[in-house]
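To start, the structure itself, in C-alpha cells.
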Amino acid sequence: MALAVGPATPAAAQDDVLEEVTVTGSRIRRQDFTANSPIQTVDEQLFDETTSIGVETILNRLPQFVPAVTQFTTTVGASTVSLRGLGPNRNLILINGRRAMPVNATMVVDTNSIPSAAIQSVEVISGGASAVYGADAVVDALFDQVNPMAGSGITSVGAIAGAGGVSSNVESVRYLVNRNSGTLYTGLMNANGRNGSYRYEGPYIDDHDGNFPGLPFRVLQPDGTIKENNFWQWASTPLERLSGFADGHFDVADDVRITAQAMVTRTETATSLGLTADNITIWGAPIPFGNEIYRSNDNLHLNVPDSLIDVNGNGIADAGDMTNSAYTIGGRFNVECDAQPTAAMPWLDGMPGCTESEAWPTTPEIWNLFSTRPDPEMDLWANRPPDYLRDAIGAARSSLNTLTTMNFSLGAEGELSSGNDFWDVTFSTGRTDNIIIQRGSSRISTDRAMMSFPNYGRNAIFDPNPFVAGFAESIPVCTSGFPIIDTRKLSEDCATMFSPDLKNTNQVTQSILEANLVGDLIEMPAGPLAYAAGYTYRENSYVFEPDNLSDNQNLVDPIAGLFPNEDSSGEFDVSEIYGELLIPIVSNGPTGIQHFNIELGARVSDWSIPQVSSLTTYKALIDWAITPRYRVRGGFNRAFRAPNLGELFIGRTQIFGGGGTVFGDHCSQNQNSPSSYGATPAANASAAQNAQTLAICRALMGDSGAFEYYDARPLADQPDGGGLGIRNSFGQPNLSEEQADTFTLGVVMDFHDNFTLTVDYYKIEIEEMIALETADSTYERCLSMAFNPTGDANSRACHQIFRRPSTGNAANIDSSFTNEGRAVMAGVDFQLNWTKELANGGFAMNTVANYNLESTTQDRPALAERDHSGYNSCALQIQCQRYDYRVFTTFSYFTGPWTVSLRHQYWPSLDDADCRANRMAKDCMYDGFPSYGLFALTAGYTFQDRYRVNLGVENLLDDVPPCRAYDPDANGGRFARDCNRGSGSAVYDPLGRRFFVSLSMEF
C-alpha cells in the first residue's frame, strides 16, 4: 500500500477527485492506490521540511533504511542508501521509471546527484521487484516523479630497532619535545608515558589564528595521559550541487508522441580528516646521531658536501683542518659545529668539521637521554605529523570530490487502436566523470631524502638525474627544512616538493534500449486480465585511474598513510525480456472474499559475464480483500544479482579501516574475547588447538618476529584486542550470480474512516552472496584444526596472511570476492495513519516502525552463522538491520495555508559485539550505544497558491550523540576512561540544534 510518510498537507482534507496512480511495484497500470508488495511513499513535503539537501539523510529516517555512506561518514565520494541494511549495491534506483546513472564500479547511485528540490515523491518497494525492473533488484528504492588526532606541536624521537636498540614492537614510552624549551615529556596519547605528562608545557588552548576560540587543544585526562582534540576534522561533509532537469514531449499524432528527458548534475563534496598525513612511527625518517664526523652522503641524487676540509689529508679532524663554510652559522645549513660544548648545546666538541649531532642538532635532554643507550651512535627515528602543512598549503589532509553525472533519453510512446494497450520505446545514455583531489599528503621517500640533509633539510638541493647534466632536468630545492625540533615556518618550495596534490579519476558509462507494452488481454468475469511485456538491452563500463603516486606499483615515492590501489577497467552487457500478468480471480464474491487477484511476473536475463548463465527471476503475489476494510497481501520473489563491475574487475586496493575482527589478534595469548581457534586458552578451544595456532603464528612471523611478539615481553603485554592488519581487496572475474529470495505477508486494515494500519512480515535470504571474505574467516581457515588439520603454515589460507617479520604484528591480509556468503534479514514493518478534523483544520499522525526478527550473516557454508540483531556489528560488507526496532513518528496540524509538524525518531540501545561471548567483558559493559531520540519542529505557510515558506528547527532539544566507551575501571581502576560521542555519526546527529528557512515557488 502506497502511503505518504510524513505530515499530511491541507490538500489532504479537501474532496479532490482521485486521479489515476501508477503503482511502481508493477508496470501494469491500475486504478488502485494499493499494491501487492509493501510500498512506502515519501512525498516532497518531507524533503522541504529539513535543513539537509542530501536525499540519503531524509530516507535514512525511515526504519527500513540503514545508513551506509552519508554526509556524516568520513569518506571520499558518493552518498548512498542501504535498504534493509543489505548494502547500496543491492538497491535499484529508478528516476521516473528509468534506471539511474551509476557513479562508480560498484554500480551504486550517488543520491547527491538527485536534486531533492525536484523530487515529488519517493516510492520504496521493500519486497523485491527484480521480475519487473531488473535481475539485480534484490531490494529497491525508487525516486519517482522528478520535476521541470595528533595535531599541532607533536615531535616524537625514538630509537630504531637494532643491535642494542629499543625493540620497535614493544609498547614503550614515546618521548616528545616541548619545542619552546627543548625539554622532553611523555603521555601524549600514550598510556605508558602517563607519568611524564606533568612535564608538558602546553599549549592547552590554541585557537589557531582565532578559528577555534576558547576550545581546548589538549586536555590532561584523569588517567594521566594527554588527549589532543582534532579541531580540523569535519563532522559533516559539505555539499554543493548544480543541477538541471528537463522533460518534454512532442505530439506527432493523437496517439503517438516523441519524448525526451535530460538530467545533468555537478556536485562537489569535500572532506577534512583534520590530521595531516602521518610522518610518524613507520613513516618517520632516520636522523644521524652521535660524535662521528659527518663526511657527506654517498647518494648521488643528494648534493650534500663533506663537513670537514681535511687540510693535512689524514682522514680525521685535527689541528689545521677546517669546517666547511656550509656548516656554519649563516652558512648553507646554518648549524654550529666549531664552538665548545655548553649546557644549551652539549653535543658540541670544539673540533673542525661537524659531528652527526652537530649537523642535526636536537636538545640537551634528547642528547643526554639517547647518549645513554648501549650504542649511543645509533641513528634516531624522528617522527612528527606534518601539521605545519596546514599553514603552508592552507589545508589539512582533505579531499575535493567533483562528480558530474549526465543522462539523456529519447523515445516514443503511444496508444494502440484498442484503446487499452500502450507502448513505449526509449534509448538512454549517460556518463559519470569523477575527479578526486587529495591534499595534505606527504611523500615518504622525499621526506627521508630531505631529512638526509643537515639541519633537517635546510637548503636541500637535489639532482634527480646525476648521470646527465642539464637536459630535461629540474633542480628541486627546499629552503627552510622541516620544523622537527624548532618552530621554523615551512617554505613554499619545501611544501611543494614534500606534499603533492593527488588526482584520481573515475569514468562510468551506461546505455540502455528499452521497449514496453502494457494493456488488457481479455475481459474476465472478475475484471480485465492485464499484462505487461518488454525488452531491455544495457551496457555498462568503467575506467579508474589513480594518481601515479598512489598506485600500488609506485616504488620510488609512496605516500605516507595512503591506501594505494591500481588502474582498473571493465565492461559488460545484458539483454532481458520480461512478462507480467495481473489475474483477477474473484470480484465482489461471497462473504470473506471481496476480491482476490494474483500477480505473476518473470524476467530472463542473458549476461555477457562468462560465469553468469541465463538467469530467470520471477514473482508470485496475491491480493485478497476479505472485506472493503481488510486486505491480505504477500508473495514470493526470486531475484538474482550478477556481480558488478567492481566485484569483477577492480584492481588491488587497500581497504580503509584495516582488517575488521570480532575477536582481535588470533595469534595473541591475551585476547579479551578469545576465539575457538586462537592462541588464547578458551572454554571452547582445546590445548591441541592452542598449540597448533601458536606453531602456525610463529611460522608466519618468522624467528625474529616471533621472538619480539611472544618471547621479548610478558604475556600480559600481548594485544588484548586490535586488528588483523590492513586488508587488500581484489576483483574476481570468475564470480557467478547471487540468489535472493524474498517472502512477504501482510495485512492492510482500515479501522474506520480515519485509521489505517499496515503490518507486513518480510524475510530476505541471499545465498551464494558476493562479498569479501572477512579477516576472521581467513584466520580461521588457516589456524583451525577443522579447516587445517595438519597445521600447514603454507596452506592457501595462511598464504593470504602477512605478519611483520621484525615485530610479529599483523601486517596485511589479502581478501578476494567469493560466492560463499549468506545473509538473512527478517522483520515486521508497521505503519499507522490517523487523521481527525480539529479546530477548523485537521490533525494527522503517521508512525512508521520496524521490528527486527533476524539479521544473520554467514561468511562460508562451513562457518557458524552470526545474528547481529541488537549488536553493533555486521559482516560481508553490508550494514545489517542491527537495532531491535526503530520508530519514526510525525504529528501534524494544518489549517488553511498553515502547517505545523513535529517529528520524532527513536533508536533503542545497541550492545557491543563482545556481549555475545561475555556479558561481563569491558567492551560489552561500556562500548554499547544507549537509546537515543531526536525531535524536529517545522512550520509552513502557502500564499498566492504558488509560494511556500518553510521554517523549522532540527534536533529541537539539542541532543548530543550517545555516550559510549566510558570505562570507570580503566587502567586497573586507577583512572577512568572518558566516553566517546564521535562514533556512530552516520546514525546519530553530531551537529546539534540548528535552524532553517526555505522558500519554494511554482511557475
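By order of appearance in the C-alpha cells: chains A, B, ..., then residues from 1 within every chain, and ligands from 1 in the order shown.
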
List every residue of segment 169-366 of chain A that DSSP, applied to the backbone of this structure, places in helix (DSSP H, G or I), and write the result as a PyMOL selection string.
chain A and resi 191-199+281-283+325-327+356-359+364-366

Give me the residues near Ile293 of chain A as number ranges by chain, where near means some atom within 7 Å (using only C-alpha atoms) and where sequence neighbours in that chain fewer than 4 positions away do not count.
A: 353-356

Using DSSP on the backbone coordinates, identify all residues within segment 572-811 of chain A classified as strand (DSSP E); present the result as a PyMOL selection string.
chain A and resi 572-587+595-607+615-627+630-641+653-655+726-730+738-752+755-772+801-803+810-811

Test item: residues at most 9 Å from Arg946 of chain A, only C-alpha atoms, excluding those fewer than 4 positions along its chain, as a PyMOL selection string:
chain A and resi 942+1000-1003

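Using only C-alpha atoms, the smallest distance between any of A:Ala449, A:Ala685, A:Ala270, A:Leu724 and Ala811 of chain A comes from A:Leu724.
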
Using only C-alpha atoms, which protein or nucleic acid residues come within 9 Å of Ser676 of chain A? Drop anything in the same chain fewer than 5 positions from it, and give the result as a PDB file with all heavy atoms, in the first residue's frame.
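Once written, result_10.pdb looks like this:
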ATOM      1  N   PRO A 681      43.906 -19.505  25.493  1.00  0.00           N
ATOM      2  CA  PRO A 681      43.089 -20.613  26.009  1.00  0.00           C
ATOM      3  C   PRO A 681      41.669 -20.158  26.272  1.00  0.00           C
ATOM      4  O   PRO A 681      41.434 -19.105  26.857  1.00  0.00           O
ATOM      5  CB  PRO A 681      43.807 -20.994  27.306  1.00  0.00           C
ATOM      6  CG  PRO A 681      45.222 -20.529  27.121  1.00  0.00           C
ATOM      7  CD  PRO A 681      45.122 -19.274  26.295  1.00  0.00           C
ATOM      8  N   ALA A 682      40.718 -20.949  25.815  1.00  0.00           N
ATOM      9  CA  ALA A 682      39.312 -20.603  25.978  1.00  0.00           C
ATOM     10  C   ALA A 682      38.523 -21.867  26.245  1.00  0.00           C
ATOM     11  O   ALA A 682      38.968 -22.991  25.967  1.00  0.00           O
ATOM     12  CB  ALA A 682      38.781 -19.902  24.727  1.00  0.00           C
ATOM     13  N   ALA A 683      37.327 -21.685  26.784  1.00  0.00           N
ATOM     14  CA  ALA A 683      36.493 -22.832  27.147  1.00  0.00           C
ATOM     15  C   ALA A 683      36.122 -23.658  25.930  1.00  0.00           C
ATOM     16  O   ALA A 683      35.914 -24.871  26.028  1.00  0.00           O
ATOM     17  CB  ALA A 683      35.239 -22.345  27.866  1.00  0.00           C
ATOM     18  N   ASN A 684      36.037 -22.997  24.768  1.00  0.00           N
ATOM     19  CA  ASN A 684      35.621 -23.716  23.566  1.00  0.00           C
ATOM     20  C   ASN A 684      36.800 -24.062  22.667  1.00  0.00           C
ATOM     21  O   ASN A 684      36.632 -24.325  21.487  1.00  0.00           O
ATOM     22  CB  ASN A 684      34.607 -22.872  22.784  1.00  0.00           C
ATOM     23  CG  ASN A 684      35.157 -21.489  22.456  1.00  0.00           C
ATOM     24  OD1 ASN A 684      36.185 -21.075  22.983  1.00  0.00           O
ATOM     25  ND2 ASN A 684      34.444 -20.772  21.596  1.00  0.00           N
ATOM     26  N   ALA A 685      38.038 -24.031  23.200  1.00  0.00           N
ATOM     27  CA  ALA A 685      39.215 -24.386  22.414  1.00  0.00           C
ATOM     28  C   ALA A 685      40.054 -25.397  23.185  1.00  0.00           C
ATOM     29  O   ALA A 685      40.239 -25.287  24.398  1.00  0.00           O
ATOM     30  CB  ALA A 685      40.044 -23.141  22.109  1.00  0.00           C
ATOM     31  N   SER A 686      40.569 -26.387  22.478  1.00  0.00           N
ATOM     32  CA  SER A 686      41.383 -27.422  23.113  1.00  0.00           C
ATOM     33  C   SER A 686      42.831 -26.974  23.216  1.00  0.00           C
ATOM     34  O   SER A 686      43.282 -26.062  22.529  1.00  0.00           O
ATOM     35  CB  SER A 686      41.302 -28.709  22.292  1.00  0.00           C
ATOM     36  OG  SER A 686      41.919 -28.517  21.019  1.00  0.00           O
ATOM     37  N   GLN A 689      44.468 -27.291  19.923  1.00  0.00           N
ATOM     38  CA  GLN A 689      44.198 -26.173  19.021  1.00  0.00           C
ATOM     39  C   GLN A 689      45.082 -24.978  19.357  1.00  0.00           C
ATOM     40  O   GLN A 689      45.649 -24.334  18.472  1.00  0.00           O
ATOM     41  CB  GLN A 689      42.718 -25.772  19.102  1.00  0.00           C
ATOM     42  CG  GLN A 689      42.363 -24.541  18.279  1.00  0.00           C
ATOM     43  CD  GLN A 689      42.543 -24.749  16.795  1.00  0.00           C
ATOM     44  OE1 GLN A 689      41.754 -25.420  16.145  1.00  0.00           O
ATOM     45  NE2 GLN A 689      43.599 -24.172  16.213  1.00  0.00           N
ATOM     46  N   ASN A 690      45.210 -24.661  20.643  1.00  0.00           N
ATOM     47  CA  ASN A 690      46.087 -23.553  21.044  1.00  0.00           C
ATOM     48  C   ASN A 690      47.517 -23.792  20.581  1.00  0.00           C
ATOM     49  O   ASN A 690      48.189 -22.874  20.088  1.00  0.00           O
ATOM     50  CB  ASN A 690      46.062 -23.366  22.555  1.00  0.00           C
ATOM     51  CG  ASN A 690      44.718 -22.904  23.084  1.00  0.00           C
ATOM     52  OD1 ASN A 690      44.305 -23.291  24.169  1.00  0.00           O
ATOM     53  ND2 ASN A 690      44.028 -22.064  22.326  1.00  0.00           N
ATOM     54  N   GLU A 780      40.602 -18.213  10.509  1.00  0.00           N
ATOM     55  CA  GLU A 780      40.037 -19.492  10.949  1.00  0.00           C
ATOM     56  C   GLU A 780      40.415 -20.611   9.989  1.00  0.00           C
ATOM     57  O   GLU A 780      40.791 -21.707  10.414  1.00  0.00           O
ATOM     58  CB  GLU A 780      38.520 -19.391  11.067  1.00  0.00           C
ATOM     59  CG  GLU A 780      37.889 -20.677  11.581  1.00  0.00           C
ATOM     60  CD  GLU A 780      36.409 -20.540  11.906  1.00  0.00           C
ATOM     61  OE1 GLU A 780      35.826 -19.485  11.580  1.00  0.00           O
ATOM     62  OE2 GLU A 780      35.852 -21.481  12.486  1.00  0.00           O
ATOM     63  N   SER A 784      42.497 -23.029  12.306  1.00  0.00           N
ATOM     64  CA  SER A 784      41.612 -24.011  12.923  1.00  0.00           C
ATOM     65  C   SER A 784      41.937 -25.434  12.473  1.00  0.00           C
ATOM     66  O   SER A 784      42.167 -25.708  11.284  1.00  0.00           O
ATOM     67  CB  SER A 784      40.153 -23.684  12.582  1.00  0.00           C
ATOM     68  OG  SER A 784      39.300 -24.705  13.037  1.00  0.00           O
TER      69      SER A 784
END

Extract, using only C-alpha atoms, all DNA, RNA and protein residues at most 6 Å from Gly601 of chain A, discarding same-chain residues fewer than 6 positions from it, and format them as number ranges by chain.
A: 131, 579-580, 618-619

Which residues are near Leu86 of chain A? Cut-off 7 Å, only C-alpha atoms, ignore same chain within fewer than 4 positions. Put them as an MDAnalysis selection string.
chainID A and resid 82 90 878:880

Let me make sure I understand: among A:Thr742, A:Asn819, A:Gln438, A:Thr183, which one has the smallest atom-to-atom distance to Asp547 of chain A if we use only C-alpha atoms?
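Distance minimum relative to Asp547 of chain A lands on A:Gln438.
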
Env of Met107 of chain A: 7 Å cut, atoms = only C-alpha atoms, seq-sep filter 3 positions within chain, self excluded. Answer as a list in words.
Asn89, Pro102, Val103, Asn104 and Asn644 of chain A

Nearest to Glu566 of chain A by atom-to-atom distance, counting only C-alpha atoms, from A:Phe996, A:Phe544, A:Phe217, A:Tyr709:
A:Phe544

Do you have, as a tab-separated table, the list of residues of segment 590-622 of chain A lying at most 12 Å from segment 508-530 of chain A, each with its nearest atom pair and that distance in Å to one decimal, counting only C-alpha atoms and ordered by chain then number?
residue	atom	partner	partner_atom	distance
A:Ile593	CA	A:Ala526	CA	12.0
A:Gln594	CA	A:Ala526	CA	10.9
A:His595	CA	A:Ala526	CA	8.3
A:Phe596	CA	A:Ala526	CA	8.8
A:Asn597	CA	A:Ala526	CA	9.0
A:Ile598	CA	A:Leu529	CA	10.3
A:Glu599	CA	A:Ala530	CA	9.5
A:Leu600	CA	A:Ala530	CA	10.6
A:Gly601	CA	A:Ala530	CA	11.7

Export of prior selection with C-alpha atoms as a PDB file, in the first residue's frame:
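Output saved as part-v4.pdb:
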ATOM      1  CA  ILE A 593     -13.766 -12.604  -0.496  1.00  0.00           C
ATOM      2  CA  GLN A 594     -14.401  -9.031  -1.563  1.00  0.00           C
ATOM      3  CA  HIS A 595     -11.817  -9.607  -4.296  1.00  0.00           C
ATOM      4  CA  PHE A 596      -8.925 -11.933  -4.991  1.00  0.00           C
ATOM      5  CA  ASN A 597      -6.167 -11.220  -7.518  1.00  0.00           C
ATOM      6  CA  ILE A 598      -2.938 -12.983  -8.480  1.00  0.00           C
ATOM      7  CA  GLU A 599       0.063 -11.158  -9.870  1.00  0.00           C
ATOM      8  CA  LEU A 600       2.697 -13.159 -11.788  1.00  0.00           C
ATOM      9  CA  GLY A 601       5.898 -11.999 -13.432  1.00  0.00           C
TER      10      GLY A 601
END

Pick from A:Asn455, A:Ser550, A:Thr57, A:Ser816 nearest to Leu735 of chain A, counting only C-alpha atoms:
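Under the stated criterion, the closest residue is A:Ser816.
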